[in-house]
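Student: My structure is in run20.pdb, and what it holds is PDB, C-alpha atoms:
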ATOM      1  CA  MET N   1      14.105 -41.280  -9.145
ATOM      2  CA  ASN N   2      13.030 -43.567 -11.972
ATOM      3  CA  ILE N   3      15.131 -46.681 -12.492
ATOM      4  CA  GLY N   4      15.137 -48.636 -15.744
ATOM      5  CA  ILE N   5      16.235 -52.259 -15.984
ATOM      6  CA  VAL N   6      16.821 -53.999 -19.307
ATOM      7  CA  GLY N   7      17.019 -57.739 -18.691
ATOM      8  CA  LEU N   8      14.819 -59.124 -15.928
ATOM      9  CA  GLY N   9      16.767 -62.168 -14.819
ATOM     10  CA  LEU N  10      18.476 -62.952 -11.524
ATOM     11  CA  ILE N  11      20.541 -59.753 -11.356
ATOM     12  CA  GLY N  12      18.073 -57.347 -12.948
ATOM     13  CA  GLY N  13      15.170 -58.802 -11.007
ATOM     14  CA  SER N  14      17.027 -58.631  -7.710
ATOM     15  CA  ILE N  15      18.004 -55.000  -8.350
ATOM     16  CA  GLY N  16      14.353 -54.230  -9.054
ATOM     17  CA  LEU N  17      13.116 -55.900  -5.862
ATOM     18  CA  ASP N  18      15.581 -53.984  -3.707
ATOM     19  CA  LEU N  19      15.084 -50.576  -5.312
ATOM     20  CA  ARG N  20      11.301 -50.819  -5.305
ATOM     21  CA  SER N  21      11.422 -51.654  -1.610
ATOM     22  CA  ARG N  22      13.409 -48.440  -1.128
ATOM     23  CA  GLY N  23      10.782 -46.300  -2.833
ATOM     24  CA  PHE N  24      12.121 -46.055  -6.387
ATOM     25  CA  ASN N  25       9.904 -46.301  -9.450
ATOM     26  CA  VAL N  26      11.260 -49.229 -11.460
ATOM     27  CA  PHE N  27      10.586 -49.892 -15.132
ATOM     28  CA  GLY N  28      11.676 -53.137 -16.730
ATOM     29  CA  VAL N  29      12.208 -54.387 -20.258
ATOM     30  CA  SER N  30      12.474 -58.041 -21.246
ATOM     31  CA  SER N  31      12.536 -59.780 -24.600
ATOM     32  CA  ARG N  32       9.744 -62.088 -23.392
ATOM     33  CA  GLN N  33       6.261 -60.859 -22.583
ATOM     34  CA  GLN N  34       5.773 -63.674 -20.070
ATOM     35  CA  THR N  35       8.790 -62.402 -18.111
ATOM     36  CA  CYS N  36       7.230 -58.931 -18.061
ATOM     37  CA  TYR N  37       4.045 -60.363 -16.567
ATOM     38  CA  ARG N  38       5.969 -62.313 -13.911
ATOM     39  CA  ALA N  39       8.135 -59.318 -13.027
ATOM     40  CA  GLN N  40       5.054 -57.220 -12.354
ATOM     41  CA  ALA N  41       3.308 -60.036 -10.477
ATOM     42  CA  ARG N  42       6.336 -60.538  -8.229
ATOM     43  CA  GLY N  43       6.669 -56.818  -7.503
ATOM     44  CA  VAL N  44      10.030 -56.534  -9.229
ATOM     45  CA  VAL N  45       8.903 -53.570 -11.342
ATOM     46  CA  ASN N  46       6.133 -50.992 -11.414
ATOM     47  CA  GLU N  47       5.758 -51.473 -15.137
ATOM     48  CA  ALA N  48       7.295 -53.802 -17.722
ATOM     49  CA  SER N  49       7.376 -53.999 -21.498
ATOM     50  CA  ILE N  50       9.114 -55.730 -24.395
ATOM     51  CA  HIS N  51       9.785 -52.289 -25.903
ATOM     52  CA  LEU N  52      12.857 -50.206 -25.045
ATOM     53  CA  SER N  53      10.787 -47.035 -25.414
ATOM     54  CA  LEU N  54       9.682 -47.633 -21.812
ATOM     55  CA  MET N  55      13.184 -46.539 -20.756
ATOM     56  CA  ALA N  56      12.403 -42.951 -21.807
ATOM     57  CA  ALA N  57      11.058 -42.403 -18.285
ATOM     58  CA  ALA N  58      14.265 -43.590 -16.578
ATOM     59  CA  ASP N  59      16.875 -41.408 -14.900
ATOM     60  CA  LEU N  60      19.263 -44.351 -14.604
ATOM     61  CA  VAL N  61      19.217 -47.531 -16.687
ATOM     62  CA  PHE N  62      20.799 -50.856 -15.727
ATOM     63  CA  ILE N  63      21.675 -53.128 -18.658
ATOM     64  CA  CYS N  64      21.385 -56.617 -17.173
ATOM     65  CA  THR N  65      21.720 -58.773 -20.274
ATOM     66  CA  PRO N  66      24.421 -61.242 -21.400
ATOM     67  CA  LEU N  67      27.720 -59.645 -22.407
ATOM     68  CA  GLY N  68      27.148 -60.025 -26.123
ATOM     69  CA  SER N  69      23.877 -58.089 -25.978
ATOM     70  CA  ILE N  70      25.037 -55.008 -24.068
ATOM     71  CA  GLU N  71      26.413 -52.927 -26.951
ATOM     72  CA  PRO N  72      23.535 -53.683 -29.380
ATOM     73  CA  ILE N  73      20.961 -52.856 -26.717
ATOM     74  CA  VAL N  74      22.606 -49.534 -25.878
ATOM     75  CA  ARG N  75      22.614 -48.658 -29.594
ATOM     76  CA  GLU N  76      18.863 -49.300 -29.715
ATOM     77  CA  LEU N  77      18.305 -47.531 -26.409
ATOM     78  CA  VAL N  78      20.059 -44.235 -27.166
ATOM     79  CA  PRO N  79      17.193 -42.617 -29.163
ATOM     80  CA  TYR N  80      14.869 -42.935 -26.160
ATOM     81  CA  LEU N  81      17.191 -41.461 -23.525
ATOM     82  CA  SER N  82      17.185 -37.975 -22.067
ATOM     83  CA  PRO N  83      20.588 -36.207 -22.253
ATOM     84  CA  ASP N  84      21.227 -36.566 -18.501
ATOM     85  CA  THR N  85      20.186 -40.219 -18.247
ATOM     86  CA  ILE N  86      22.856 -42.458 -16.737
ATOM     87  CA  VAL N  87      23.438 -45.906 -18.229
ATOM     88  CA  THR N  88      25.333 -48.665 -16.459
ATOM     89  CA  ASP N  89      25.763 -52.396 -16.975
ATOM     90  CA  VAL N  90      26.364 -55.454 -14.812
ATOM     91  CA  GLY N  91      28.673 -57.404 -17.144
ATOM     92  CA  SER N  92      31.454 -59.559 -15.723
ATOM     93  CA  VAL N  93      34.006 -58.219 -18.232
ATOM     94  CA  LYS N  94      34.572 -54.500 -18.456
ATOM     95  CA  THR N  95      37.277 -53.390 -20.911
ATOM     96  CA  PRO N  96      35.565 -54.316 -24.209
ATOM     97  CA  ILE N  97      32.173 -53.182 -22.920
ATOM     98  CA  VAL N  98      33.444 -49.794 -21.729
ATOM     99  CA  GLN N  99      35.371 -49.282 -24.969
ATOM    100  CA  ALA N 100      32.330 -50.131 -27.104
ATOM    101  CA  VAL N 101      29.601 -48.358 -25.146
ATOM    102  CA  SER N 102      31.265 -45.168 -23.886
ATOM    103  CA  PRO N 103      31.368 -43.598 -27.385
ATOM    104  CA  LEU N 104      27.658 -44.381 -27.762
ATOM    105  CA  TRP N 105      26.590 -42.684 -24.531
ATOM    106  CA  PRO N 106      28.760 -40.216 -22.575
ATOM    107  CA  ASN N 107      26.987 -40.933 -19.276
ATOM    108  CA  PHE N 108      27.884 -44.626 -19.334
ATOM    109  CA  VAL N 109      29.423 -46.145 -16.208
ATOM    110  CA  GLY N 110      30.795 -49.683 -16.349
ATOM    111  CA  GLY N 111      29.676 -51.774 -13.381
ATOM    112  CA  HIS N 112      29.860 -55.303 -12.051
ATOM    113  CA  PRO N 113      27.911 -56.445  -8.978
ATOM    114  CA  MET N 114      29.722 -59.594  -7.903
ATOM    115  CA  ALA N 115      26.826 -61.591  -6.538
ATOM    116  CA  GLY N 116      24.651 -64.395  -7.790
ATOM    117  CA  THR N 117      23.283 -67.875  -7.280
ATOM    118  CA  ALA N 118      23.194 -71.079  -9.302
ATOM    119  CA  GLU N 119      19.680 -70.167 -10.468
ATOM    120  CA  SER N 120      18.671 -67.877 -13.308
ATOM    121  CA  GLY N 121      15.615 -66.084 -14.634
ATOM    122  CA  ILE N 122      13.019 -63.821 -13.061
ATOM    123  CA  GLU N 123      11.936 -66.503 -10.590
ATOM    124  CA  ALA N 124      15.468 -66.570  -9.168
ATOM    125  CA  ALA N 125      15.374 -62.877  -8.204
ATOM    126  CA  VAL N 126      15.672 -62.380  -4.444
ATOM    127  CA  PRO N 127      15.881 -59.430  -2.050
ATOM    128  CA  ASP N 128      19.231 -58.442  -0.522
ATOM    129  CA  LEU N 129      21.301 -60.380  -3.082
ATOM    130  CA  PHE N 130      23.988 -57.680  -3.043
ATOM    131  CA  VAL N 131      24.287 -57.067   0.692
ATOM    132  CA  GLY N 132      27.928 -57.269   1.735
ATOM    133  CA  ARG N 133      29.042 -58.214  -1.784
ATOM    134  CA  PRO N 134      31.549 -56.309  -3.946
ATOM    135  CA  TYR N 135      30.172 -53.914  -6.548
ATOM    136  CA  VAL N 136      32.895 -52.772  -8.947
ATOM    137  CA  VAL N 137      32.582 -49.482 -10.838
ATOM    138  CA  THR N 138      34.998 -48.872 -13.719
ATOM    139  CA  PRO N 139      34.844 -45.259 -14.964
ATOM    140  CA  THR N 140      37.278 -43.781 -17.453
ATOM    141  CA  PRO N 141      38.825 -40.293 -17.213
ATOM    142  CA  GLN N 142      36.039 -39.098 -19.530
ATOM    143  CA  THR N 143      33.165 -40.468 -17.440
ATOM    144  CA  PRO N 144      31.176 -37.606 -15.854
ATOM    145  CA  PRO N 145      31.704 -37.593 -12.065
ATOM    146  CA  PHE N 146      27.978 -37.106 -11.373
ATOM    147  CA  ALA N 147      27.231 -40.367 -13.229
ATOM    148  CA  VAL N 148      29.867 -42.312 -11.301
ATOM    149  CA  ASP N 149      28.681 -40.914  -7.977
ATOM    150  CA  LYS N 150      25.063 -41.821  -8.697
ATOM    151  CA  VAL N 151      25.864 -45.427  -9.660
ATOM    152  CA  GLU N 152      27.978 -45.809  -6.523
ATOM    153  CA  GLU N 153      25.187 -44.310  -4.432
ATOM    154  CA  ILE N 154      22.686 -46.833  -5.791
ATOM    155  CA  ALA N 155      25.161 -49.681  -5.242
ATOM    156  CA  ARG N 156      25.523 -48.677  -1.593
ATOM    157  CA  LEU N 157      21.743 -48.522  -1.248
ATOM    158  CA  LEU N 158      21.734 -52.157  -2.391
ATOM    159  CA  GLY N 159      24.024 -52.907   0.559
ATOM    160  CA  ALA N 160      27.072 -53.606  -1.591
ATOM    161  CA  LYS N 161      30.712 -52.743  -0.935
ATOM    162  CA  VAL N 162      31.774 -50.385  -3.711
ATOM    163  CA  TYR N 163      35.171 -50.665  -5.386
ATOM    164  CA  ARG N 164      36.383 -48.284  -8.092
ATOM    165  CA  CYS N 165      39.101 -49.320 -10.535
ATOM    166  CA  GLU N 166      40.087 -49.154 -14.198
ATOM    167  CA  PRO N 167      38.347 -51.581 -16.565
ATOM    168  CA  GLU N 168      41.649 -53.329 -17.323
ATOM    169  CA  GLU N 169      42.388 -53.818 -13.630
ATOM    170  CA  HIS N 170      38.954 -55.314 -13.099
ATOM    171  CA  ASP N 171      39.362 -57.804 -15.942
ATOM    172  CA  ARG N 172      42.790 -58.925 -14.783
ATOM    173  CA  ALA N 173      41.533 -59.473 -11.224
ATOM    174  CA  VAL N 174      38.339 -61.330 -12.136
ATOM    175  CA  ALA N 175      40.283 -63.546 -14.528
ATOM    176  CA  TRP N 176      41.886 -65.044 -11.418
ATOM    177  CA  ILE N 177      38.954 -65.336  -9.055
ATOM    178  CA  SER N 178      36.032 -65.829 -11.442
ATOM    179  CA  HIS N 179      36.954 -66.762 -15.002
ATOM    180  CA  LEU N 180      39.883 -69.121 -14.318
ATOM    181  CA  PRO N 181      37.780 -71.051 -11.754
ATOM    182  CA  ILE N 182      35.075 -71.631 -14.388
ATOM    183  CA  VAL N 183      37.569 -73.254 -16.763
ATOM    184  CA  ALA N 184      39.463 -75.108 -14.032
ATOM    185  CA  SER N 185      36.199 -76.442 -12.632
ATOM    186  CA  ALA N 186      34.932 -77.486 -16.063
ATOM    187  CA  THR N 187      38.165 -79.304 -16.870
ATOM    188  CA  LEU N 188      37.929 -81.169 -13.556
ATOM    189  CA  VAL N 189      34.551 -82.582 -14.585
ATOM    190  CA  ALA N 190      35.817 -83.300 -18.107
ATOM    191  CA  ALA N 191      38.885 -85.125 -16.741
ATOM    192  CA  CYS N 192      36.778 -87.300 -14.435
ATOM    193  CA  ASP N 193      34.612 -88.272 -17.368
ATOM    194  CA  ARG N 194      37.705 -89.459 -19.279
ATOM    195  CA  GLU N 195      38.182 -92.382 -16.899
ATOM    196  CA  GLY N 196      38.091 -95.362 -19.247
ATOM    197  CA  ASP N 197      36.308 -97.745 -16.874
ATOM    198  CA  ARG N 198      32.651 -96.692 -16.825
ATOM    199  CA  ASP N 199      32.039 -98.752 -13.677
ATOM    200  CA  ILE N 200      34.613 -96.586 -11.908
ATOM    201  CA  VAL N 201      32.950 -93.442 -13.276
ATOM    202  CA  ASN N 202      29.600 -94.682 -12.009
ATOM    203  CA  LEU N 203      31.076 -95.423  -8.580
ATOM    204  CA  ALA N 204      32.733 -92.002  -8.439
ATOM    205  CA  GLN N 205      29.441 -90.339  -9.330
ATOM    206  CA  HIS N 206      27.756 -92.061  -6.392
ATOM    207  CA  LEU N 207      30.602 -91.318  -3.981
ATOM    208  CA  ALA N 208      30.949 -87.635  -4.904
ATOM    209  CA  SER N 209      30.416 -85.384  -1.899
ATOM    210  CA  SER N 210      31.195 -81.860  -0.716
ATOM    211  CA  GLY N 211      34.742 -81.665  -2.093
ATOM    212  CA  PHE N 212      33.684 -82.493  -5.633
ATOM    213  CA  ARG N 213      30.493 -80.463  -5.291
ATOM    214  CA  ASP N 214      32.360 -77.310  -4.263
ATOM    215  CA  THR N 215      35.155 -77.573  -6.838
ATOM    216  CA  SER N 216      32.891 -78.531  -9.758
ATOM    217  CA  ARG N 217      30.023 -76.100  -9.151
ATOM    218  CA  VAL N 218      31.044 -73.194 -11.392
ATOM    219  CA  GLY N 219      32.205 -75.540 -14.133
ATOM    220  CA  GLY N 220      28.752 -77.061 -14.241
ATOM    221  CA  GLY N 221      27.030 -73.716 -14.662
ATOM    222  CA  ASN N 222      25.695 -71.786 -17.636
ATOM    223  CA  PRO N 223      27.756 -72.703 -20.763
ATOM    224  CA  GLU N 224      26.870 -69.392 -22.417
ATOM    225  CA  LEU N 225      28.468 -67.489 -19.548
ATOM    226  CA  GLY N 226      31.659 -69.550 -19.816
ATOM    227  CA  VAL N 227      31.952 -68.858 -23.533
ATOM    228  CA  MET N 228      31.223 -65.156 -23.090
ATOM    229  CA  VAL N 229      33.880 -64.577 -20.416
ATOM    230  CA  ALA N 230      36.422 -66.513 -22.499
ATOM    231  CA  LYS N 231      35.570 -64.461 -25.581
ATOM    232  CA  TYR N 232      35.470 -61.041 -23.932
ATOM    233  CA  ASN N 233      38.331 -61.556 -21.451
ATOM    234  CA  ARG N 234      40.426 -63.825 -23.665
ATOM    235  CA  GLU N 235      43.899 -62.362 -23.058
ATOM    236  CA  GLU N 236      43.629 -62.200 -19.277
ATOM    237  CA  LEU N 237      42.026 -65.641 -19.060
ATOM    238  CA  LEU N 238      44.774 -67.174 -21.207
ATOM    239  CA  ARG N 239      47.393 -65.474 -19.037
ATOM    240  CA  SER N 240      45.892 -66.863 -15.828
ATOM    241  CA  LEU N 241      45.439 -70.320 -17.377
ATOM    242  CA  SER N 242      49.082 -70.395 -18.419
ATOM    243  CA  ILE N 243      50.276 -69.609 -14.896
ATOM    244  CA  TYR N 244      47.775 -72.116 -13.492
ATOM    245  CA  ARG N 245      49.171 -74.781 -15.835
ATOM    246  CA  ASP N 246      52.706 -74.018 -14.629
ATOM    247  CA  SER N 247      51.585 -74.392 -11.019
ATOM    248  CA  LEU N 248      49.871 -77.689 -11.840
ATOM    249  CA  ASP N 249      53.046 -78.963 -13.522
ATOM    250  CA  GLU N 250      55.009 -78.166 -10.360
ATOM    251  CA  PHE N 251      52.603 -80.238  -8.265
ATOM    252  CA  ILE N 252      52.846 -83.097 -10.775
ATOM    253  CA  SER N 253      56.643 -82.990 -10.642
ATOM    254  CA  ASP N 254      56.665 -83.188  -6.838
ATOM    255  CA  ILE N 255      54.327 -86.184  -6.841
ATOM    256  CA  GLU N 256      56.256 -87.971  -9.606
ATOM    257  CA  ALA N 257      59.510 -87.417  -7.700
ATOM    258  CA  GLU N 258      57.840 -88.452  -4.415
ATOM    259  CA  ASN N 259      59.062 -85.156  -3.007
ATOM    260  CA  TRP N 260      56.555 -85.070  -0.186
ATOM    261  CA  GLN N 261      58.374 -82.318   1.708
ATOM    262  CA  ALA N 262      58.120 -79.937  -1.272
ATOM    263  CA  LEU N 263      54.468 -80.883  -1.758
ATOM    264  CA  GLU N 264      53.674 -80.217   1.891
ATOM    265  CA  HIS N 265      55.451 -76.870   1.678
ATOM    266  CA  LYS N 266      53.317 -75.860  -1.327
ATOM    267  CA  LEU N 267      50.127 -76.920   0.421
ATOM    268  CA  LYS N 268      51.067 -74.942   3.526
ATOM    269  CA  LEU N 269      51.645 -71.864   1.371
ATOM    270  CA  THR N 270      48.271 -72.246  -0.357
ATOM    271  CA  GLN N 271      46.578 -72.783   3.007
ATOM    272  CA  GLN N 272      48.033 -69.489   4.236
ATOM    273  CA  ALA N 273      47.386 -67.612   0.990
ATOM    274  CA  ARG N 274      43.713 -68.591   0.908
ATOM    275  CA  GLU N 275      43.138 -66.747   4.181
ATOM    276  CA  ASN N 276      43.872 -63.456   2.384
ATOM    277  CA  TYR N 277      40.795 -63.784   0.182
ATOM    278  CA  HIS N 278      37.575 -62.298   1.561
ATOM    279  CA  LEU N 279      35.424 -65.414   1.231
TER     280      LEU N 279
END
Translate this structure into structure tokens?
Tutor:
Amino acid sequence: MNIGIVGLGLIGGSIGLDLRSRGFNVFGVSSRQQTCYRAQARGVVNEASIHLSLMAAADLVFICTPLGSIEPIVRELVPYLSPDTIVTDVGSVKTPIVQAVSPLWPNFVGGHPMAGTAESGIEAAVPDLFVGRPYVVTPTPQTPPFAVDKVEEIARLLGAKVYRCEPEEHDRAVAWISHLPIVASATLVAACDREGDRDIVNLAQHLASSGFRDTSRVGGGNPELGVMVAKYNREELLRSLSIYRDSLDEFISDIEAENWQALEHKLKLTQQARENYHL
């Protein structure tokens, strides 16, 4: 089976490494010729090009670009595809992507491998990135079953745990566990930087340890990603932010009222609730 990958960064590169190691022929497309050279040198792909025409040989194509590029790339890609070619993406928001791309290509399957690192680019690609991680597939009633089955089969070959749900369900869920944390983490860093005494800020920067590191990590990540998830998952992110703000106000009220018993009760509940998440 020939696999095409458009976008040879962390996700696309890691998919290529794993599928090549399992005997697939992998063809990659990048907007930068230097990335094509590195992808071939690292063994990520059998062949790479800056031209989408290379995807004509693919039986299944992964679109591994930023959210805003997925629809335009599929539009450019369609003339090169065989009628039975399956196209899937790896975007972290599904509803607008599925709505925009499905009319362009009937064999499109929305997908989201929920794995990654703080690094980016072809050099960040690593084997086994998806092992044990969730891989969400979001077909519609019109999506051909053979296309869904094939994407799920490849996801399992990558070692991922496959979940199937509607695009809207995916976006509502990831708003809580992925998109809200980006904004909450970013506002934590922004709030710390609003301390008026710069000597205190400097001291805090030197004292910062694991607690601040863990809670600020996603807020200090790729700004483009933060903007894209806010733009494409706006309604669900705003909904989660509103509920988060209400919860924060409740904590503030308890502290202002010195209601330590109520505060302890809330913290016990969050301690218990956190155990339900598969971290």
Student: Using the chain letters and numbers from this file, what does the PyMOL selection byres ((chain N and resi 47-50) around 9) select? Give the answer as a list of chain:residue names.
Tutor: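 The output of the PyMOL selection byres ((chain N and resi 47-50) around 9) on this file is N:Asn25, N:Val26, N:Phe27, N:Gly28, N:Val29, N:Ser30, N:Ser31, N:Arg32, N:Gln33, N:Thr35, N:Cys36, N:Tyr37, N:Ala39, N:Gln40, N:Val44, N:Val45, N:Asn46, N:His51, N:Leu52, N:Ser53, N:Leu54.
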Student: Any idea what's packed within 12 Å of Leu248 of chain N, counting only C-alpha atoms, ignoring anything in its chain fewer than 6 positions away? Could you give it as an MDAnalysis selection string?
Tutor: chainID N and resid 184 241:242 254:255 263 266
Student: Taking all atoms listed in the file into account, name the residue in N:Ser253, N:Thr95, N:Ser210, N:Thr65 that is nearest to Asn233 of chain N.
Tutor: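 For Asn233 of chain N, the nearest of the given residues is N:Thr95.
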Student: With the PyMOL selection byres ((chain N and resi 131) around 10) as the selection, what would be picked from this file? Answer as a list in words, please.
Tutor: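 Selected by the PyMOL selection byres ((chain N and resi 131) around 10) here: Ala115, Pro127, Asp128, Leu129, Phe130, Gly132, Arg133, Pro134, Tyr135, Ala155, Arg156, Leu157, Leu158, Gly159, Ala160 and Lys161 of chain N.
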Student: If the PyMOL selection byres ((chain N and resi 2) around 9) were run on this exact file, what residues would it hold? Put them as a PDB file with C-alpha atoms, keeping the file's coordinate frame.
Tutor:
ATOM      1  CA  MET N   1      14.105 -41.280  -9.145  1.00  0.00           C
ATOM      2  CA  ILE N   3      15.131 -46.681 -12.492  1.00  0.00           C
ATOM      3  CA  GLY N   4      15.137 -48.636 -15.744  1.00  0.00           C
ATOM      4  CA  PHE N  24      12.121 -46.055  -6.387  1.00  0.00           C
ATOM      5  CA  ASN N  25       9.904 -46.301  -9.450  1.00  0.00           C
ATOM      6  CA  VAL N  26      11.260 -49.229 -11.460  1.00  0.00           C
ATOM      7  CA  PHE N  27      10.586 -49.892 -15.132  1.00  0.00           C
ATOM      8  CA  ALA N  57      11.058 -42.403 -18.285  1.00  0.00           C
ATOM      9  CA  ALA N  58      14.265 -43.590 -16.578  1.00  0.00           C
ATOM     10  CA  ASP N  59      16.875 -41.408 -14.900  1.00  0.00           C
ATOM     11  CA  LEU N  60      19.263 -44.351 -14.604  1.00  0.00           C
ATOM     12  CA  VAL N  61      19.217 -47.531 -16.687  1.00  0.00           C
TER      13      VAL N  61
END
Student: Just checking: using all atoms listed in the file, which residue out of N:Val109, N:Leu81, N:Val93, N:Leu188 ends up closest to Pro145 of chain N?
Tutor: N:Val109
Student: Extract, using only C-alpha atoms, all DNA, RNA and protein residues at most 12 Å from Pro223 of chain N, discarding same-chain residues fewer than 6 positions from it, and format them as an MDAnalysis selection string.
Tutor: chainID N and resid 66 182:183 186 229:230
Student: Report, in Å to a single decimal, how far apart atom CA of Ile15 of chain N and atom CA of Gly116 of chain N are.
Tutor: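 Distance between the two atoms: 11.5 Å.
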Student: Take the point (15.9, -67.7, -10.2) in the file's coordinates, draw a sphere of radius 12 Å around it, and report as a PyMOL selection string every protein, DNA or RNA residue with an atom inside or on it, counting only C-alpha atoms.
Tutor: chain N and resi 8-14+35+38-39+116-127+129
Student: What is the atom CA of Glu71 of chain N-atom CA of Val101 of chain N distance in Å, reported with one decimal?
Tutor: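 It comes out at 5.9 Å.
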Student: Work out how far apart atom CA of Leu238 of chain N and atom CA of Leu180 of chain N are and give it in Å to one decimal.
Tutor: 8.7 Å
Student: Of the candidates N:Ser92, N:Leu269, N:Leu17, N:Met55, which shows the shortest atom-to-atom distance to Tyr80 of chain N, using only C-alpha atoms?
Tutor: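 Looking at the shortest contact to Tyr80 of chain N, the residue is N:Met55.
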Student: Of the residues N:Leu19, N:Ile154, N:Ala273, N:Val98, which is the one nearest to Pro139 of chain N, using only C-alpha atoms?
Tutor: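 The shortest atom-to-atom distance to Pro139 of chain N comes from N:Val98.
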Student: Return the single residue from N:Asn259, N:Ser69, N:Thr140, N:Ser185 that is closest to Thr215 of chain N, with distances computed using only C-alpha atoms.
Tutor: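 Comparing N:Asn259, N:Ser69, N:Thr140, N:Ser185 against Thr215 of chain N, the winner is N:Ser185.
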